[in-house]
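Containing compact mmCIF, C-alpha atoms: coords_33.txt.
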```
# COMPACT_ATOMS: atom_id res chain seq x y z
CA MET A 1 49.41 104.52 70.79
CA THR A 2 49.66 104.10 74.56
CA ALA A 3 50.83 100.49 74.24
CA MET A 4 53.59 101.58 71.87
CA SER A 5 54.78 104.35 74.21
CA ASP A 6 54.68 101.94 77.15
CA ARG A 7 56.83 99.48 75.20
CA ILE A 8 59.30 102.21 74.26
CA GLY A 9 59.38 103.40 77.88
CA TRP A 10 60.10 99.89 79.15
CA SER A 11 62.83 99.31 76.58
CA PHE A 12 64.43 102.68 77.43
CA ARG A 13 64.29 101.88 81.14
CA GLY A 14 65.76 98.44 80.45
CA ALA A 15 68.61 100.01 78.46
CA VAL A 16 69.33 102.46 81.27
CA GLY A 17 69.30 99.62 83.82
CA ALA A 18 71.62 97.55 81.64
CA SER A 19 74.12 100.39 81.24
CA ILE A 20 74.46 101.19 84.95
CA PRO A 21 77.07 98.46 85.70
CA PHE A 22 79.27 99.60 82.81
CA VAL A 23 78.94 103.23 83.89
CA CYS A 24 79.88 102.25 87.46
CA ALA A 25 83.06 100.61 86.18
CA VAL A 26 83.92 103.57 83.94
CA LEU A 27 83.46 105.93 86.89
CA GLY A 28 85.66 103.61 88.94
CA VAL A 29 88.44 103.76 86.36
CA ILE A 30 88.19 107.53 86.23
CA ALA A 31 88.28 107.74 90.05
CA SER A 32 91.37 105.51 90.14
CA ASN A 33 93.20 107.78 87.75
CA VAL A 34 92.34 111.20 89.16
CA PRO A 35 95.69 112.85 89.83
CA VAL A 36 94.91 113.56 93.48
CA SER A 37 96.57 111.57 96.23
CA VAL A 38 95.24 111.41 99.77
CA PHE A 39 98.40 109.74 101.06
CA GLY A 40 100.92 111.93 99.22
CA ALA A 41 101.62 109.39 96.44
CA LEU A 42 103.01 106.93 98.98
CA VAL A 43 100.20 104.46 98.31
CA PRO A 44 98.94 103.50 94.86
CA PRO A 45 95.26 104.17 94.17
CA PRO A 46 92.78 101.34 94.59
CA MET A 47 91.69 99.51 91.47
CA PHE A 48 88.13 100.90 91.49
CA GLY A 49 87.53 99.67 87.93
CA LEU A 50 87.85 96.01 88.89
CA MET A 51 85.39 96.28 91.78
CA PRO A 52 82.24 96.71 89.62
CA ILE A 53 83.52 94.05 87.23
CA TYR A 54 83.75 91.55 90.09
CA PHE A 55 80.47 92.61 91.70
CA TRP A 56 78.36 92.59 88.54
CA CYS A 57 79.96 89.39 87.23
CA LEU A 58 78.58 87.66 90.31
CA VAL A 59 75.27 89.47 90.77
CA ARG A 60 74.17 90.09 87.18
CA PRO A 61 76.61 88.52 84.70
CA ASP A 62 74.30 89.43 81.82
CA LEU A 63 75.03 93.10 82.55
CA MET A 64 78.83 92.73 82.59
CA PRO A 65 79.77 90.82 79.42
CA PRO A 66 83.39 90.15 78.42
CA PHE A 67 83.49 92.91 75.79
CA ALA A 68 82.50 95.45 78.47
CA VAL A 69 85.35 94.18 80.67
CA PHE A 70 87.69 94.55 77.71
CA ALA A 71 86.55 98.14 77.12
CA ILE A 72 86.97 98.98 80.81
CA GLY A 73 90.49 97.53 80.74
CA VAL A 74 91.36 99.57 77.66
CA LEU A 75 90.12 102.70 79.41
CA GLN A 76 92.24 101.84 82.47
CA ASP A 77 95.29 101.42 80.24
CA LEU A 78 94.64 104.71 78.43
CA LEU A 79 94.11 106.74 81.60
CA GLY A 80 96.75 104.93 83.68
CA GLY A 81 99.62 105.79 81.38
CA GLY A 82 101.33 102.41 81.60
CA PRO A 83 102.10 99.97 78.82
CA ALA A 84 99.14 99.22 76.59
CA GLY A 85 97.20 96.08 77.36
CA VAL A 86 98.45 95.41 80.89
CA TRP A 87 95.20 96.09 82.74
CA THR A 88 93.06 95.01 79.80
CA LEU A 89 94.53 91.52 79.95
CA SER A 90 94.51 91.55 83.75
CA PHE A 91 90.84 92.53 83.97
CA VAL A 92 89.83 89.98 81.34
CA GLY A 93 91.85 87.27 83.13
CA ALA A 94 90.28 88.07 86.51
CA TYR A 95 86.85 88.17 84.88
CA ALA A 96 87.44 84.76 83.28
CA ILE A 97 88.37 83.21 86.65
CA VAL A 98 85.40 84.77 88.45
CA ASP A 99 83.04 83.82 85.62
CA ARG A 100 84.29 80.24 85.61
CA GLU A 101 84.00 79.91 89.40
CA ARG A 102 80.84 81.99 89.73
CA ASP A 103 78.99 79.34 91.74
CA SER A 104 81.76 79.28 94.33
CA PHE A 105 82.13 83.06 94.52
CA ALA A 106 78.39 83.85 94.44
CA GLY A 107 77.76 81.77 97.56
CA LEU A 108 80.18 83.88 99.60
CA ALA A 109 78.89 86.45 102.09
CA GLY A 110 80.52 88.81 104.54
CA ILE A 111 84.24 88.21 104.92
CA GLY A 112 84.04 85.47 102.30
CA ALA A 113 82.86 87.96 99.68
CA ILE A 114 85.79 90.21 100.53
CA LEU A 115 88.18 87.26 100.25
CA GLY A 116 86.59 86.43 96.89
CA PHE A 117 87.39 89.91 95.65
CA ALA A 118 90.87 89.56 97.13
CA ALA A 119 91.35 86.42 95.01
CA ALA A 120 90.16 88.25 91.89
CA MET A 121 92.41 91.21 92.66
CA LEU A 122 95.33 88.84 93.27
CA VAL A 123 94.76 87.28 89.84
CA ALA A 124 94.61 90.72 88.19
CA GLY A 125 97.68 91.94 90.10
CA ALA A 126 99.69 88.82 89.33
CA ALA A 127 98.74 89.05 85.66
CA ALA A 128 99.74 92.73 85.55
CA TYR A 129 103.05 91.91 87.26
CA ALA A 130 103.77 89.08 84.80
CA ILE A 131 102.90 91.24 81.78
CA ILE A 132 105.07 94.11 83.02
CA SER A 133 107.93 91.66 83.66
CA ILE A 134 107.72 90.38 80.12
CA TYR A 135 107.27 93.86 78.65
CA TYR A 136 110.37 95.32 80.35
CA TRP A 137 112.25 92.01 80.40
CA ARG A 138 113.10 92.29 84.09
CA LEU A 139 111.36 91.72 87.41
CA PRO A 140 109.96 94.95 88.84
CA PRO A 141 109.59 95.45 92.61
CA VAL A 142 106.75 93.42 94.10
CA ALA A 143 105.83 95.89 96.86
CA PRO A 144 103.79 98.35 94.73
CA ILE A 145 101.48 95.67 93.35
CA VAL A 146 101.08 94.04 96.77
CA VAL A 147 100.14 97.41 98.30
CA GLU A 148 97.72 98.09 95.43
CA ILE A 149 96.06 94.70 96.00
CA ALA A 150 95.76 95.36 99.74
CA ILE A 151 94.39 98.90 99.28
CA SER A 152 91.89 97.66 96.69
CA VAL A 153 90.63 94.92 99.00
CA VAL A 154 90.15 97.42 101.86
CA PHE A 155 88.30 99.87 99.58
CA TYR A 156 86.12 97.07 98.16
CA ILE A 157 84.13 96.94 101.40
CA PRO A 158 82.45 100.36 101.06
CA VAL A 159 82.29 100.09 97.28
CA ALA A 160 80.42 96.76 97.56
CA VAL A 161 77.88 98.42 99.83
CA ILE A 162 77.39 101.21 97.28
CA LEU A 163 77.12 98.74 94.39
CA GLY A 164 74.59 96.68 96.36
CA PHE A 165 72.51 99.80 96.92
CA ILE A 166 72.71 100.64 93.20
CA HIS A 167 71.64 97.12 92.35
CA ARG A 168 68.65 97.15 94.69
CA ARG A 169 67.48 100.69 93.95
CA LEU A 170 68.37 101.29 90.31
CA VAL A 171 69.21 98.21 88.29
CA GLY A 172 66.55 95.88 89.68
CA PRO A 173 63.57 98.24 89.23
CA LEU A 174 64.72 99.48 85.80
CA ARG A 175 65.28 96.03 84.35
CA GLY A 176 62.31 94.26 82.88
CA ASP A 177 62.09 90.63 81.94
CA PHE A 178 61.27 90.57 78.25
```
I'd like the structure from this file rewritten - as C-alpha cells, please.
Amino acid sequence: MTAMSDRIGWSFRGAVGASIPFVCAVLGVIASNVPVSVFGALVPPPMFGLMPIYFWCLVRPDLMPPFAVFAIGVLQDLLGGGPAGVWTLSFVGAYAIVDRERDSFAGLAGIGAILGFAAAMLVAGAAAYAIISIYYWRLPPVAPIVVEIAISVVFYIPVAVILGFIHRRLVGPLRGDF
C-alpha cells in the first residue's frame, strides 16, 4: 500500500510541476489585461503572456507544448478585447521560431538572452501588426506596437529572474523522471 501511495504522490507532484509553466503564462496574460495603468494609459502593457512561453520553450520545452501556447493566445485574445486570433497566431508564430532555433537561443546568457526575447517579441509584434493590417484592410500606426515591444523587453528582465527562481525551486524538484 505504501508503494502505491508513493507512486500516486510522485505522479501528483509531477503533474503539479508540469502545470506550473502554463499557470505562469495564464497569470501573465491576466496581469497584462488588468485594467489598471501605472503610466495613465500612455504606454501599452507589457506582453507578460509571451514571457513564460519564451522562457519555458527554451528551458523545458516539454512543459510548454504548442497546444498550451495556442490556449494562452486564445486567452490573451479573449481578455484583450481585440480581433479574435491576433495574439493566438502571434504567440504560435513566435513559439515556432523559438522552437526551431532553440539551440541558438538556449546558448544565450545575460544581454544575449534579453536580445533573444526581443527577437521573439519582435516576431510576435510584427505578426500582430500584419494580422491587424489585413483584418482592418489598412495600415495602423506603428508606434503602439513598437512601444509594446520595447516595454515587454524591459519587463522581461525581472520576469526572467522570477521564472528562473520558479524553475529552480518549484518545477525542478516537483518533476520526476519516469
Taken to one decimal, the atom CA of A:Ala143-atom CA of A:Leu58 distance is 29.2 Å
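Proximity to A:Tyr95 was assessed for A:Gly107, A:Gly80, A:Gly28, A:Pro52 counting only C-alpha atoms; the smallest distance is recorded for A:Pro52.
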Query raised in the report: Which of these residues is nearest to A:Phe117, using all atoms listed in the file: A:Leu42, A:Leu139, A:Ile162, A:Val154?
Result: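 Going through A:Leu42, A:Leu139, A:Ile162, A:Val154 one by one, the smallest distance to A:Phe117 is for A:Val154.
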Could you state the separation of atom CA of A:Ile131 and atom CA of A:Val86 in Å, given to one decimal place?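 Result for atom CA of A:Ile131 versus atom CA of A:Val86: 6.2 Å, one decimal.
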>> Using all atoms listed in the file for the distances, tell me which of A:Leu170, A:Phe48, A:Val36, A:Phe22 is nearest to A:Ala71.
In response: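 Closest to A:Ala71 of all the choices is A:Phe22.
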One decimal place gives the atom CA of A:Gly164-atom CA of A:Phe55 separation as 8.5 Å
Have stretch 145-161 of chain A completed to N, CA and C atoms, please, and pass it along as a short mmCIF file (atom, residue, chain, number, x, y, z; two decimals), in the coordinates of the input.
```cif
data_model
loop_
_atom_site.label_atom_id
_atom_site.label_comp_id
_atom_site.auth_asym_id
_atom_site.auth_seq_id
_atom_site.Cartn_x
_atom_site.Cartn_y
_atom_site.Cartn_z
N ILE A 145 102.67 96.43 93.73
CA ILE A 145 101.48 95.67 93.35
C ILE A 145 100.83 95.03 94.57
N VAL A 146 101.63 94.61 95.54
CA VAL A 146 101.08 94.04 96.77
C VAL A 146 100.29 95.11 97.54
N VAL A 147 100.84 96.31 97.61
CA VAL A 147 100.14 97.41 98.30
C VAL A 147 98.87 97.76 97.55
N GLU A 148 98.92 97.79 96.22
CA GLU A 148 97.72 98.09 95.43
C GLU A 148 96.64 97.03 95.65
N ILE A 149 97.03 95.77 95.73
CA ILE A 149 96.06 94.70 96.00
C ILE A 149 95.44 94.91 97.38
N ALA A 150 96.27 95.18 98.37
CA ALA A 150 95.76 95.36 99.74
C ALA A 150 94.83 96.57 99.83
N ILE A 151 95.22 97.69 99.25
CA ILE A 151 94.39 98.90 99.28
C ILE A 151 93.07 98.65 98.56
N SER A 152 93.11 97.94 97.45
CA SER A 152 91.89 97.66 96.69
C SER A 152 90.94 96.78 97.49
N VAL A 153 91.47 95.81 98.19
CA VAL A 153 90.63 94.92 99.00
C VAL A 153 89.97 95.72 100.13
N VAL A 154 90.71 96.60 100.78
CA VAL A 154 90.15 97.42 101.86
C VAL A 154 89.05 98.34 101.31
N PHE A 155 89.29 98.96 100.17
CA PHE A 155 88.30 99.87 99.58
C PHE A 155 87.12 99.13 98.97
N TYR A 156 87.25 97.83 98.73
CA TYR A 156 86.12 97.07 98.16
C TYR A 156 84.94 97.02 99.13
N ILE A 157 85.20 97.05 100.41
CA ILE A 157 84.13 96.94 101.40
C ILE A 157 83.10 98.05 101.23
N PRO A 158 83.48 99.33 101.27
CA PRO A 158 82.45 100.36 101.06
C PRO A 158 81.90 100.40 99.63
N VAL A 159 82.75 100.08 98.67
CA VAL A 159 82.29 100.09 97.28
C VAL A 159 81.24 98.99 97.06
N ALA A 160 81.41 97.84 97.68
CA ALA A 160 80.42 96.76 97.56
C ALA A 160 79.08 97.18 98.15
N VAL A 161 79.12 97.92 99.24
CA VAL A 161 77.88 98.42 99.83
C VAL A 161 77.19 99.38 98.85
#
```
